[in-house]
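A short worksheet on the structure shown next.
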2 protein chains.
Amino acid sequence: MGELLAATIKDVAIRARVSTASVSRVLNGSGAVTEPTRQRVLRAAQHLRYTPHEAARSLITRRTHTIGVLLPDIHGEYFSELIRGIDRAARLRGLHLLVSSSHGDADEAALALRSMNGRVDGVLVMSPYLDAHALDDALPPTLPAVLLNTPGDAGRTTAFVIDDFGGAKAMVEHLRAQGFQRIAHIAGPEGNYESAERLRGFQAALGRTLAAKALVLPGNFTEESGYLAGQKLAAATPRPDAVFAANDMMAIGCLFALRDAGLACPADVAIAGFDDIPIARYISPPLTTVRAQTTELGRQARDELARTIDAPAGMKPMRHTLGTQLVVRESCHRTPN
Amino acid sequence: MGELLAATIKDVAIRARVSTASVSRVLNGSGAVTEPTRQRVLRAAQHLRYTPHEAARSLITRRTHTIGVLLPDIHGEYFSELIRGIDRAARLRGLHLLVSSSHGDADEAALALRSMNGRVDGVLVMSPYLDAHALDDALPPTLPAVLLNTPGDAGRTTAFVIDDFGGAKAMVEHLRAQGFQRIAHIAGPEGNYESAERLRGFQAALGRTLAAKALVLPGNFTEESGYLAGQKLAAATPRPDAVFAANDMMAIGCLFALRDAGLACPADVAIAGFDDIPIARYISPPLTTVRAQTTELGRQARDELARTIDAPAGMKPMRHTLGTQLVVRESCHRTPN
DNA sequence: TTCTCGCTAGTAAACGCTTACATGAAACGA
DNA sequence: TCGTTTCATGTAAGCGTTTACTAGCGAGAA
């Protein structure tokens, strides 16, 4: 015992009285070996509890069987959904995931990206704060990449984005069709691509004149910011009859603020969110929201990345947009009055 | 352009007219270099958009700055909570996470573990289906590891576990103290360590005679299984006046089943869960549950792993148990009748 | 018997990097 | 002037694999 270092292929070779080449051949099933040799190698490997050193192996095979995933702050369920989508597809092909999250600024993201070089076959980058060109600069030149929900047109790389604009627009149009007159918006953080698109959708649905006088409150995607906004809305005059929050957590925060202010939802104020996180179904009243097919987004992006990795150079960068779906629940039911 | 291969340290050396050693010294800030050399190297590296190949580097430095995380197939939020705890601590030290999830059986887990060898500095293993000894067999001998919520005593490796038994017992004792008489249990999946411990806690709180006649329904930690159990409970005679589910999702499923059967919670039947997932707070009525400090568990395990990695050999394996906390919300309020 | 063919197994180079050690030039003291 | 020290730089080994190439050997054909 007391082995300080892990066994290497060399140790196995010595113990089995063969060359390292033969050990490699046996273990990888490549090349021909006679049965007795095979047995000796297998026994030796087992006895030494030999496990190949993957870094060394990938150095020469140029395959890591790993994909990197660069995420903004892993907050809430949204990301576990996404990761799950990616992971499920990945494990089907025996791939690993190297995850790096919470990148506040471009430099951090670039650093993380560089440190993935040589450890992954490709990367999936979700960066609602960086545009495609900034990313192109940060990306190691030969590393295959696919972008998720990234602003701007595709630079060097293919991107998959959720149709935030369309989803928001559809939601607000639905609210108007229901007869709501004064619709307010709780926006997401500044400089965030998704926030901006959702706000744009909100405004587009209202039309120029209405949008100009519509109430838009600041927020940052957290429940707290939604609560704050809700307090302001409760006090506003004239009070809005509906609120469209840029994400579900803010919608929920707003809901609580209104309730605490003695207002009923949807009777006094209707509320709608965006994302369709699991909680949306369970809260009372169940939340009307826009379903972004997050899992599907992860899956498609991963598949595309796999293709990019396999195809040496071909593939022109494309920008794919995934549609959204209106999920109408009680929080927006029109009550007869 | 048209560079098919990424630039290597050699390319940089040639372009800067120095040796690879000097390039390495400049880029790592190790060893002394004269300013002109430094500048030449930096310029060359930038021009070639050189990014070091991390696999090659870690092959010789024997550090990957990455920890592996092996997870079972986790549903819902529990997963993201845990990852968040690990990730937050990891990022602080500039570490990456190599994640591998969804392992149904021991062989799959062992395979995943082996393929992490040489790519991580240590692993965090969460495997409620495997005991510590089975894991010892699967683990590459020299790979530092820390176990999470694993059954059995510590083998070669340190383990962190949630006090499932204590938490369940405390919850059921609380229910009895509230005056509930007929308490039923919805159990987790067979062969799962946490399920078993929670059931054991339930029985311990009831005492031998009561436990013998208590209603225990099967479940598998999903909302659906909770719903099914809830339907059975609604039809049972005599109907229980309280239900303790082995996790929150089943508690929620049960809640819906009871509601659909026309029963009110907590007036007709009180309900309690385990885990304190975010939804528990938001559901109506808010769910009484046991808070397992999942994030804290992840954090502590990661810190311990860091220590194990740094300390070459010392450290005797220990088993740490993290306490739980009763979270009493409306779903268990005793109603005057 | 000898030549050739077909296999198995070994040798050694290569992957991209770090680093111990060697080298040689400049600087300094005597 | 010549040793001696100092310091920047280069040389080359080595990390643990895979794999092209080579060598050797036994069998079958002539």
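Residue numbering restarts at 1 for every chain of the structure tokens, chains are lettered A, B, ... in their displayed order, and ligands are numbered from 1 as they appear.
For segment 18-213 of chain A, backbone-based DSSP assignment of strand (DSSP E) covers Thr66, Ile67, Gly68, Val69, Leu70, His96, Leu97, Leu98, Val99, Ser100, Gly122, Val123, Leu124, Val125, Met126, Ala145, Val146, Leu147, Leu148, Thr158, Ala159, Phe160, Val161, Ile162, Ile183, Ala184, His185 and Ile186 of chain A.
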Expected answer as a PyMOL selection string: helix (DSSP H, G or I) residues in segment 20-153 of chain A: chain A and resi 20-28+35-48+54-61+76-92+106-114+132-138
Near chain D, which residues of chain A fall within 7 Å when you count only C-alpha atoms (C1' of nucleotides), and what do they look like as a PDB file with C-alpha atoms, in the first residue's frame?
```
ATOM      1  CA  THR A   8       0.279   4.634 -14.877  1.00  0.00           C
ATOM      2  CA  HIS A  53      -5.156   9.736 -17.056  1.00  0.00           C
ATOM      3  CA  ALA A  56      -2.748  12.830 -21.065  1.00  0.00           C
ATOM      4  CA  ARG A  57      -4.989  10.883 -23.312  1.00  0.00           C
ATOM      5  CA  ILE A  60      -2.783  13.244 -28.009  1.00  0.00           C
TER       6      ILE A  60
END
```
At most 10 Å to chain B: residues in chain C, only C-alpha atoms (C1' of nucleotides), as a count of residues only: 5
With the cut-off set at 6 Å and counting only C-alpha atoms, tabulate each residue of chain B with an atom at most that distance from an atom of chain A, showing the nearest atom pair and its distance in Å to one decimal, ordered by chain and increasing number, as CSV.
```
residue,atom,partner,partner_atom,distance
B:Ala6,CA,A:Thr142,CA,5.8
B:His53,CA,A:Gly118,CA,4.5
B:Glu54,CA,A:Gly118,CA,5.0
B:Ala55,CA,A:Ala55,CA,5.2
B:Ser80,CA,A:Ser80,CA,5.6
B:Leu97,CA,A:Val99,CA,5.3
B:Leu98,CA,A:Leu98,CA,4.5
B:Val99,CA,A:Leu97,CA,5.4
B:Asn117,CA,A:His53,CA,5.7
B:Gly118,CA,A:His53,CA,4.5
B:Arg119,CA,A:Ala55,CA,5.8
B:Thr142,CA,A:Ala6,CA,5.7
B:Ile279,CA,A:Ile279,CA,5.7
B:Tyr282,CA,A:Ile283,CA,5.5
B:Ile283,CA,A:Ile283,CA,5.0
```
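We find atom CA of Arg239 of chain B and atom CA of Gln181 of chain B to be spaced 10.5 Å apart.
You will find atom CA of Gly298 of chain B at 21.2 Å from atom CA of Gly273 of chain B.
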